[in-house]
Amino acid sequence: MADFTVGDDHFRLDGQPVRLLSGALHYFRVHEAQWGHRLSMLRAMGLNCVETYVPWNLHEPEPGRFGDVAALGRFLEAARRAGLWAIVRPGPYICAEWENGGLPAWVTGRFGRRVRTRDEEYLGAVERWFTVLLPQVVRRQISHGGPVIMVQAENEYGSYGSDQVYLGRMADLLRRNGVTVPLFTSDGPEDHMLTGGAVPGLLATVNFGSGAREAFEVLRRHRPKGPLMCMEFWCGWFEHWGAEEQVRDPGQAADALREILECGASVNVYMAHGGTNFAGWAGANRSGPLQDQEFLPTVTSYDYDAPIDEYGRPTEKFWQFRTVLAEYADGPLPEVPSAPAGLSAPVRAELTDWAPLGTVLEALGDEESGPSGVPPTFEELGVERGLVRYRVGVPGPRRPYALGVAGLRDRAVVYVDGVRAGVLSEENATLAEPVAGPARIELWVESLGRVNYGPRLGESKGITGGVLHERQFLHGVRAQALRLEAFERPDALAAVVFTGTEEAQGAGGTGLFRGTFEIADLGGAGHAGLELPGWTRGFVWVNGFCLGRYWSVGPQRTLYVPGPVLREGVNEVWVLELEEAGAPYAELGPGAPVRAGAPGDVRR
């Protein structure tokens, strides 16, 4: 047991000054069987601490239904075994480029603008969650012999609001549930962010990617005393579908890290190892003027151009960071673990079985809602991740008019009288060809990830306005959800009736495809990479494990397959294609190459 405190100048362990050299690694983005290796990589890079967020929506998908909250405890035990302290950031909001910033869709759907405020109903939901979650943290605090040395109150609140009553309630809630280690906040190094997000009596830290001296000068204006810490040193950045790759020169990043340490500060490298947004949990951002913001969904990979890449391999950035950190270590650094090996020989999964989307929906979907005056949103249907089929009729007879969707979030494949008529998005929400009546309209709408940062956090998904024929709303809408969770059930596909894939072209190339591949000898493979030549957009599972979303717009082309998911002998692949299928197979190989890095700067 030990005593970790915040002094006037340093962090202190049993009264002795200590510097935190931390790295972010999110347990929910890494297969549990790989935690040990990734944590040992952090130690080998020269870190003495690991930081993780906790996503509320992953663990309480419905009010009062909790799932594997103990995963956090197991991760903290793994950190302790690796010789690392731990910083826990339980939110309830976490940003993290994660679906809805970690807030459950039922929370934002129910409370709307009241989330992240002093609202009593919202705070009641948070308290119920924390009552279940925090015992995993409390019993593993350093004062109890565990690794946890600090816990964050809320997250980057100064980028969102200024409700000091709410922040005080959050800190009080953590204390009342047994958290005794130091509490802290983290915000951007801006006056308005620190005045909005810092809490009197709690350590204030700052987040940035470069310019440490200037950032700490701003922090000192608000907090003349206390340890300096960059809680998020952005050494890379995340990527959006349809945008460019994000890379940062390793030497430049190492120089920025050195500047932080030369200031006498502690640091948390964000991310030390990014991992993967498995199972469709990637979030999204909005960019531009508030009233006309572009929607930017985040890719499946959370590689982040981190020093330890998505596959667990050291990059050039790792080696340069290790050189810098070694100068501040208490002794020689541990040897670097062997890099995980990829699949030794490429294999092809022939996709031989196919079921149309309607058949899949009938087998795995929710019950269809009755006709309603307006289309129900995903939140009203209780849908977190997945898609919803909306059905509505165009009365007739009437001449052709434009058919579109008001408030579409995010993407819809539209069928008129059973024939595919186009793909709509928020930016392009009207079909190219007019539609005459009478007609039967189907819209298969997918959420591409809920916004995780900024004032549009928690916005609804699905058809949030209505279906319009010319200027006339169409009523009597039916809706039926196909949740991604449905594919996680035991024997999930037992009720799905498959035929041969040769019939898929007649259905527009959409549907659920199934096939197998064989691995004679895994040979200690730590991972594989999966690609779908010519496919458009959807989700992939290997042996029932959802790898996440693929989309031909890039920049991501290869999906990461954790080694523990693979098995010797026969392996099964499912592909849910929502727009247009490609070649009737998936290719598995050793995975994407290690990034070399390129010149550039990173700032939020």
# chains A, B, ... in the order shown; residues from 1 in each chain; ligands from 1
>>> residues_around(residues="Trp444 (chain A)", least_positions_apart="3", cutoff="6 Å", atoms="only C-alpha atoms", output="PDB file with N, CA, C and O atoms, in the first residue's frame")
ATOM      1  N   VAL A 388     -32.061   0.706 -39.781  1.00  0.00           N
ATOM      2  CA  VAL A 388     -33.518   0.631 -39.671  1.00  0.00           C
ATOM      3  C   VAL A 388     -34.104   0.694 -41.075  1.00  0.00           C
ATOM      4  O   VAL A 388     -33.708   1.554 -41.881  1.00  0.00           O
ATOM      5  N   ARG A 389     -35.029  -0.208 -41.352  1.00  0.00           N
ATOM      6  CA  ARG A 389     -35.776  -0.137 -42.608  1.00  0.00           C
ATOM      7  C   ARG A 389     -37.075   0.631 -42.359  1.00  0.00           C
ATOM      8  O   ARG A 389     -37.891   0.237 -41.521  1.00  0.00           O
ATOM      9  N   ALA A 412     -28.919   6.431 -46.475  1.00  0.00           N
ATOM     10  CA  ALA A 412     -30.073   5.589 -46.782  1.00  0.00           C
ATOM     11  C   ALA A 412     -29.958   5.015 -48.186  1.00  0.00           C
ATOM     12  O   ALA A 412     -29.676   5.746 -49.141  1.00  0.00           O
ATOM     13  N   VAL A 413     -30.192   3.717 -48.311  1.00  0.00           N
ATOM     14  CA  VAL A 413     -30.353   3.077 -49.614  1.00  0.00           C
ATOM     15  C   VAL A 413     -31.866   2.989 -49.851  1.00  0.00           C
ATOM     16  O   VAL A 413     -32.597   2.433 -49.026  1.00  0.00           O
TER      17      VAL A 413
END
>>> residues_around(residues="Ala329 (chain A)", least_positions_apart="5", cutoff="9 Å", atoms="only C-alpha atoms", output="list in words")
Leu21, Gly46, Leu47 and Asn48 of chain A
>>> select_by_dssp(residues="region 246-463 of chain A", states="strand (DSSP E or B)", output="JSON, numbers by chain")
{"A": [266, 267, 268, 269, 270, 271, 272, 273, 276, 282, 284, 285, 286, 287, 294, 295, 296, 297, 298, 301, 308, 314, 342, 347, 348, 349, 350, 351, 352, 353, 354, 355, 372, 386, 387, 388, 389, 390, 391, 392, 393, 394, 395, 396, 397, 398, 399, 400, 401, 403, 404, 405, 406, 407, 408, 409, 411, 412, 413, 414, 415, 416, 419, 420, 421, 422, 423, 424, 425, 430, 435, 436, 437, 438, 439, 440, 441, 442, 443, 444, 445, 446, 451, 462, 463]}
>>> residues_around(residues="region 259-267 of chain A", least_positions_apart="6", cutoff="10 Å", atoms="only C-alpha atoms", output="ChimeraX atom specification")
/A:9-11,18-23,47,49,205-207,210-213,215-216,227-233,253,324-325,327-328
>>> residues_around(residues="Asn452 (chain A)", least_positions_apart="4", cutoff="9 Å", atoms="only C-alpha atoms", output="list in words")
Tyr93, Ile94, Cys95, Ala96, Glu97, Trp98, Glu99, Asn100, Gly101, Gly102, Leu103, Gly283, Ala284, Asn285, Arg286, Arg456, Leu457 and Gly458 of chain A
>>> select_by_dssp(residues="region 121-196 of chain A", states="alpha helix (DSSP H)", output="JSON, numbers by chain")
{"A": [121, 122, 123, 124, 125, 126, 127, 128, 129, 130, 131, 132, 133, 135, 136, 137, 138, 164, 165, 166, 167, 168, 169, 170, 171, 172, 173, 174, 175, 176, 191, 192, 193, 194, 195, 196]}
>>> write_last_selection(atoms="N, CA and C atoms", output="compact mmCIF listing (two decimals), in the first residue's frame")
# COMPACT_ATOMS: atom_id res chain seq x y z
N GLU A 121 -32.45 14.39 -13.12
CA GLU A 121 -32.73 13.09 -13.74
C GLU A 121 -31.48 12.53 -14.41
N TYR A 122 -30.77 13.39 -15.12
CA TYR A 122 -29.51 12.94 -15.73
C TYR A 122 -28.52 12.49 -14.67
N LEU A 123 -28.36 13.28 -13.62
CA LEU A 123 -27.44 12.92 -12.55
C LEU A 123 -27.85 11.63 -11.87
N GLY A 124 -29.14 11.38 -11.81
CA GLY A 124 -29.59 10.11 -11.23
C GLY A 124 -29.15 8.92 -12.04
N ALA A 125 -29.19 9.05 -13.38
CA ALA A 125 -28.71 7.97 -14.25
C ALA A 125 -27.22 7.77 -14.10
N VAL A 126 -26.47 8.88 -13.99
CA VAL A 126 -25.02 8.79 -13.79
C VAL A 126 -24.72 8.11 -12.46
N GLU A 127 -25.44 8.49 -11.42
CA GLU A 127 -25.18 7.91 -10.10
C GLU A 127 -25.43 6.41 -10.10
N ARG A 128 -26.50 5.97 -10.76
CA ARG A 128 -26.75 4.52 -10.83
C ARG A 128 -25.60 3.81 -11.54
N TRP A 129 -25.08 4.42 -12.63
CA TRP A 129 -23.97 3.84 -13.37
C TRP A 129 -22.71 3.80 -12.51
N PHE A 130 -22.39 4.91 -11.86
CA PHE A 130 -21.18 4.97 -11.04
C PHE A 130 -21.26 4.02 -9.85
N THR A 131 -22.43 3.81 -9.32
CA THR A 131 -22.58 2.87 -8.20
C THR A 131 -22.18 1.46 -8.61
N VAL A 132 -22.43 1.13 -9.88
CA VAL A 132 -22.05 -0.19 -10.40
C VAL A 132 -20.59 -0.21 -10.82
N LEU A 133 -20.13 0.86 -11.45
CA LEU A 133 -18.77 0.89 -12.02
C LEU A 133 -17.68 1.08 -10.98
N PRO A 135 -16.89 0.49 -7.85
CA PRO A 135 -16.21 -0.54 -7.05
C PRO A 135 -15.04 -1.19 -7.76
N GLN A 136 -15.08 -1.25 -9.11
CA GLN A 136 -13.95 -1.81 -9.86
C GLN A 136 -12.70 -0.95 -9.69
N VAL A 137 -12.91 0.35 -9.48
CA VAL A 137 -11.80 1.29 -9.32
C VAL A 137 -11.37 1.38 -7.86
N VAL A 138 -12.36 1.52 -6.98
CA VAL A 138 -12.08 1.79 -5.57
C VAL A 138 -11.22 0.70 -4.95
N GLN A 164 -20.58 24.87 -13.31
CA GLN A 164 -19.74 24.52 -12.18
C GLN A 164 -20.50 23.73 -11.12
N VAL A 165 -21.80 23.92 -11.04
CA VAL A 165 -22.61 23.12 -10.11
C VAL A 165 -22.54 21.66 -10.52
N TYR A 166 -22.67 21.40 -11.81
CA TYR A 166 -22.59 20.03 -12.32
C TYR A 166 -21.22 19.41 -12.03
N LEU A 167 -20.15 20.15 -12.31
CA LEU A 167 -18.81 19.61 -12.07
C LEU A 167 -18.60 19.30 -10.59
N GLY A 168 -19.09 20.18 -9.74
CA GLY A 168 -18.98 19.92 -8.31
C GLY A 168 -19.75 18.68 -7.90
N ARG A 169 -20.91 18.49 -8.50
CA ARG A 169 -21.70 17.28 -8.20
C ARG A 169 -20.97 16.02 -8.68
N MET A 170 -20.30 16.12 -9.83
CA MET A 170 -19.56 14.96 -10.33
C MET A 170 -18.43 14.59 -9.38
N ALA A 171 -17.67 15.59 -8.92
CA ALA A 171 -16.58 15.32 -7.98
C ALA A 171 -17.13 14.72 -6.69
N ASP A 172 -18.23 15.27 -6.21
CA ASP A 172 -18.84 14.76 -4.98
C ASP A 172 -19.32 13.33 -5.16
N LEU A 173 -19.86 13.02 -6.34
CA LEU A 173 -20.34 11.66 -6.61
C LEU A 173 -19.19 10.66 -6.58
N LEU A 174 -18.04 11.04 -7.14
CA LEU A 174 -16.87 10.16 -7.10
C LEU A 174 -16.42 9.93 -5.66
N ARG A 175 -16.37 10.99 -4.88
CA ARG A 175 -15.94 10.86 -3.48
C ARG A 175 -16.92 10.01 -2.68
N ARG A 176 -18.21 10.23 -2.86
CA ARG A 176 -19.21 9.48 -2.09
C ARG A 176 -19.21 8.00 -2.42
N ASP A 191 -8.13 30.05 -22.05
CA ASP A 191 -8.74 30.65 -20.87
C ASP A 191 -10.20 30.21 -20.71
N HIS A 192 -10.96 30.24 -21.80
CA HIS A 192 -12.38 29.90 -21.67
C HIS A 192 -12.58 28.43 -21.33
N MET A 193 -11.68 27.56 -21.81
CA MET A 193 -11.81 26.14 -21.51
C MET A 193 -11.45 25.86 -20.05
N LEU A 194 -10.43 26.51 -19.56
CA LEU A 194 -10.02 26.28 -18.17
C LEU A 194 -11.00 26.91 -17.18
N THR A 195 -11.55 28.07 -17.52
CA THR A 195 -12.55 28.65 -16.60
C THR A 195 -13.85 27.86 -16.64
N GLY A 196 -14.14 27.22 -17.77
CA GLY A 196 -15.36 26.42 -17.85
C GLY A 196 -15.21 25.03 -17.27
>>> residues_around(residues="Leu357 (chain A)", least_positions_apart="3", cutoff="9 Å", atoms="only C-alpha atoms", output="list of chain:residue names")
A:Val360, A:Leu361, A:Glu362, A:Thr510, A:Gly511, A:Leu512, A:Leu576, A:Glu577, A:Leu578
>>> write_last_selection(atoms="N, CA and C atoms", output="CSV table (one decimal), in the first residue's frame")
chain,number,residue,atom,x,y,z
A,360,VAL,N,-32.7,-11.4,-43.7
A,360,VAL,CA,-32.0,-11.2,-42.5
A,360,VAL,C,-32.8,-10.4,-41.5
A,361,LEU,N,-33.5,-9.4,-42.0
A,361,LEU,CA,-34.3,-8.5,-41.1
A,361,LEU,C,-35.4,-9.4,-40.5
A,362,GLU,N,-36.0,-10.2,-41.2
A,362,GLU,CA,-37.1,-11.1,-40.7
A,362,GLU,C,-36.6,-12.0,-39.6
A,510,THR,N,-26.8,-6.5,-52.3
A,510,THR,CA,-26.8,-6.3,-50.9
A,510,THR,C,-27.2,-7.6,-50.2
A,511,GLY,N,-27.0,-7.6,-48.9
A,511,GLY,CA,-27.4,-8.8,-48.1
A,511,GLY,C,-26.3,-9.3,-47.2
A,512,LEU,N,-26.5,-10.5,-46.6
A,512,LEU,CA,-25.6,-11.1,-45.7
A,512,LEU,C,-24.9,-12.3,-46.5
A,576,LEU,N,-22.0,-8.3,-44.1
A,576,LEU,CA,-23.2,-7.6,-44.3
A,576,LEU,C,-23.0,-6.4,-45.2
A,577,GLU,N,-23.3,-6.6,-46.4
A,577,GLU,CA,-23.1,-5.5,-47.4
A,577,GLU,C,-24.4,-4.7,-47.6
A,578,LEU,N,-24.3,-3.4,-47.5
A,578,LEU,CA,-25.5,-2.5,-47.5
A,578,LEU,C,-25.7,-1.8,-48.8
>>> decode(residues="region 117-133 of chain A", atoms="all heavy atoms", output="short mmCIF file (atom, residue, chain, number, x, y, z; two decimals), in the first residue's frame")
data_model
loop_
_atom_site.label_atom_id
_atom_site.label_comp_id
_atom_site.auth_asym_id
_atom_site.auth_seq_id
_atom_site.Cartn_x
_atom_site.Cartn_y
_atom_site.Cartn_z
N THR A 117 -25.21 18.41 -17.50
CA THR A 117 -25.62 19.58 -16.71
C THR A 117 -26.07 19.09 -15.34
O THR A 117 -26.11 17.89 -15.05
CB THR A 117 -26.78 20.34 -17.37
OG1 THR A 117 -27.99 19.57 -17.23
CG2 THR A 117 -26.51 20.62 -18.84
N ARG A 118 -26.49 20.03 -14.51
CA ARG A 118 -26.93 19.74 -13.15
C ARG A 118 -28.31 19.08 -13.08
O ARG A 118 -28.83 18.88 -11.98
CB ARG A 118 -26.94 21.03 -12.33
CG ARG A 118 -28.01 22.01 -12.75
CD ARG A 118 -27.88 23.35 -12.10
NE ARG A 118 -26.84 24.16 -12.70
CZ ARG A 118 -26.50 25.38 -12.28
NH1 ARG A 118 -27.14 25.92 -11.26
NH2 ARG A 118 -25.55 26.06 -12.89
N ASP A 119 -28.90 18.77 -14.22
CA ASP A 119 -30.23 18.17 -14.25
C ASP A 119 -30.30 16.93 -13.36
O ASP A 119 -29.48 16.00 -13.48
CB ASP A 119 -30.59 17.78 -15.68
CG ASP A 119 -31.95 17.14 -15.79
OD1 ASP A 119 -32.94 17.87 -15.76
OD2 ASP A 119 -32.00 15.89 -15.88
N GLU A 120 -31.30 16.87 -12.48
CA GLU A 120 -31.36 15.81 -11.48
C GLU A 120 -31.63 14.44 -12.09
O GLU A 120 -31.08 13.44 -11.62
CB GLU A 120 -32.43 16.14 -10.43
CG GLU A 120 -32.08 17.33 -9.54
CD GLU A 120 -30.85 17.07 -8.66
OE1 GLU A 120 -30.50 15.89 -8.45
OE2 GLU A 120 -30.24 18.05 -8.19
N GLU A 121 -32.45 14.39 -13.12
CA GLU A 121 -32.73 13.09 -13.74
C GLU A 121 -31.48 12.53 -14.41
O GLU A 121 -31.18 11.33 -14.30
CB GLU A 121 -33.88 13.21 -14.73
CG GLU A 121 -35.23 13.42 -14.09
CD GLU A 121 -36.35 13.39 -15.11
OE1 GLU A 121 -36.35 14.25 -16.02
OE2 GLU A 121 -37.19 12.49 -15.01
N TYR A 122 -30.77 13.39 -15.12
CA TYR A 122 -29.51 12.94 -15.73
C TYR A 122 -28.52 12.49 -14.67
O TYR A 122 -27.91 11.42 -14.78
CB TYR A 122 -28.92 14.06 -16.58
CG TYR A 122 -27.50 13.79 -17.03
CD1 TYR A 122 -27.22 12.79 -17.96
CD2 TYR A 122 -26.43 14.53 -16.53
CE1 TYR A 122 -25.92 12.53 -18.36
CE2 TYR A 122 -25.13 14.29 -16.94
CZ TYR A 122 -24.88 13.29 -17.84
OH TYR A 122 -23.60 13.03 -18.24
N LEU A 123 -28.36 13.28 -13.62
CA LEU A 123 -27.44 12.92 -12.55
C LEU A 123 -27.85 11.63 -11.87
O LEU A 123 -27.00 10.85 -11.44
CB LEU A 123 -27.33 14.05 -11.54
CG LEU A 123 -26.55 15.29 -11.99
CD1 LEU A 123 -26.71 16.42 -11.00
CD2 LEU A 123 -25.08 14.96 -12.19
N GLY A 124 -29.14 11.38 -11.81
CA GLY A 124 -29.59 10.11 -11.23
C GLY A 124 -29.15 8.92 -12.04
O GLY A 124 -28.75 7.88 -11.49
N ALA A 125 -29.19 9.05 -13.38
CA ALA A 125 -28.71 7.97 -14.25
C ALA A 125 -27.22 7.77 -14.10
O ALA A 125 -26.71 6.64 -14.07
CB ALA A 125 -29.07 8.27 -15.70
N VAL A 126 -26.47 8.88 -13.99
CA VAL A 126 -25.02 8.79 -13.79
C VAL A 126 -24.72 8.11 -12.46
O VAL A 126 -23.83 7.24 -12.36
CB VAL A 126 -24.38 10.18 -13.84
CG1 VAL A 126 -22.89 10.10 -13.50
CG2 VAL A 126 -24.56 10.82 -15.21
N GLU A 127 -25.44 8.49 -11.42
CA GLU A 127 -25.18 7.91 -10.10
C GLU A 127 -25.43 6.41 -10.10
O GLU A 127 -24.64 5.64 -9.52
CB GLU A 127 -26.06 8.59 -9.06
CG GLU A 127 -25.81 8.06 -7.64
CD GLU A 127 -26.45 8.90 -6.57
OE1 GLU A 127 -27.27 9.78 -6.91
OE2 GLU A 127 -26.13 8.68 -5.39
N ARG A 128 -26.50 5.97 -10.76
CA ARG A 128 -26.75 4.52 -10.83
C ARG A 128 -25.60 3.81 -11.54
O ARG A 128 -25.15 2.74 -11.10
CB ARG A 128 -28.07 4.26 -11.57
CG ARG A 128 -28.42 2.78 -11.68
CD ARG A 128 -29.73 2.58 -12.40
NE ARG A 128 -29.65 3.06 -13.79
CZ ARG A 128 -30.72 3.22 -14.56
NH1 ARG A 128 -31.93 2.98 -14.09
NH2 ARG A 128 -30.57 3.64 -15.81
N TRP A 129 -25.08 4.42 -12.63
CA TRP A 129 -23.97 3.84 -13.37
C TRP A 129 -22.71 3.80 -12.51
O TRP A 129 -22.03 2.77 -12.41
CB TRP A 129 -23.76 4.62 -14.66
CG TRP A 129 -22.42 4.52 -15.33
CD1 TRP A 129 -21.63 5.54 -15.73
CD2 TRP A 129 -21.73 3.32 -15.73
NE1 TRP A 129 -20.48 5.08 -16.32
CE2 TRP A 129 -20.52 3.72 -16.35
CE3 TRP A 129 -22.01 1.96 -15.63
CZ2 TRP A 129 -19.60 2.81 -16.85
CZ3 TRP A 129 -21.08 1.05 -16.12
CH2 TRP A 129 -19.90 1.47 -16.74
N PHE A 130 -22.39 4.91 -11.86
CA PHE A 130 -21.18 4.97 -11.04
C PHE A 130 -21.26 4.02 -9.85
O PHE A 130 -20.24 3.47 -9.43
CB PHE A 130 -20.95 6.40 -10.56
CG PHE A 130 -20.19 7.27 -11.54
CD1 PHE A 130 -19.93 6.84 -12.84
CD2 PHE A 130 -19.72 8.52 -11.17
CE1 PHE A 130 -19.24 7.63 -13.74
CE2 PHE A 130 -19.01 9.32 -12.05
CZ PHE A 130 -18.77 8.87 -13.34
N THR A 131 -22.43 3.81 -9.32
CA THR A 131 -22.58 2.87 -8.20
C THR A 131 -22.18 1.46 -8.61
O THR A 131 -21.62 0.70 -7.82
CB THR A 131 -24.03 2.89 -7.68
OG1 THR A 131 -24.36 4.21 -7.24
CG2 THR A 131 -24.21 1.92 -6.53
N VAL A 132 -22.43 1.13 -9.88
CA VAL A 132 -22.05 -0.19 -10.40
C VAL A 132 -20.59 -0.21 -10.82
O VAL A 132 -19.86 -1.18 -10.56
CB VAL A 132 -22.96 -0.57 -11.59
CG1 VAL A 132 -22.48 -1.87 -12.24
CG2 VAL A 132 -24.41 -0.71 -11.13
N LEU A 133 -20.13 0.86 -11.45
CA LEU A 133 -18.77 0.89 -12.02
C LEU A 133 -17.68 1.08 -10.98
O LEU A 133 -16.66 0.37 -10.98
CB LEU A 133 -18.68 2.02 -13.05
CG LEU A 133 -17.26 2.34 -13.55
CD1 LEU A 133 -16.74 1.21 -14.42
CD2 LEU A 133 -17.23 3.67 -14.29
#
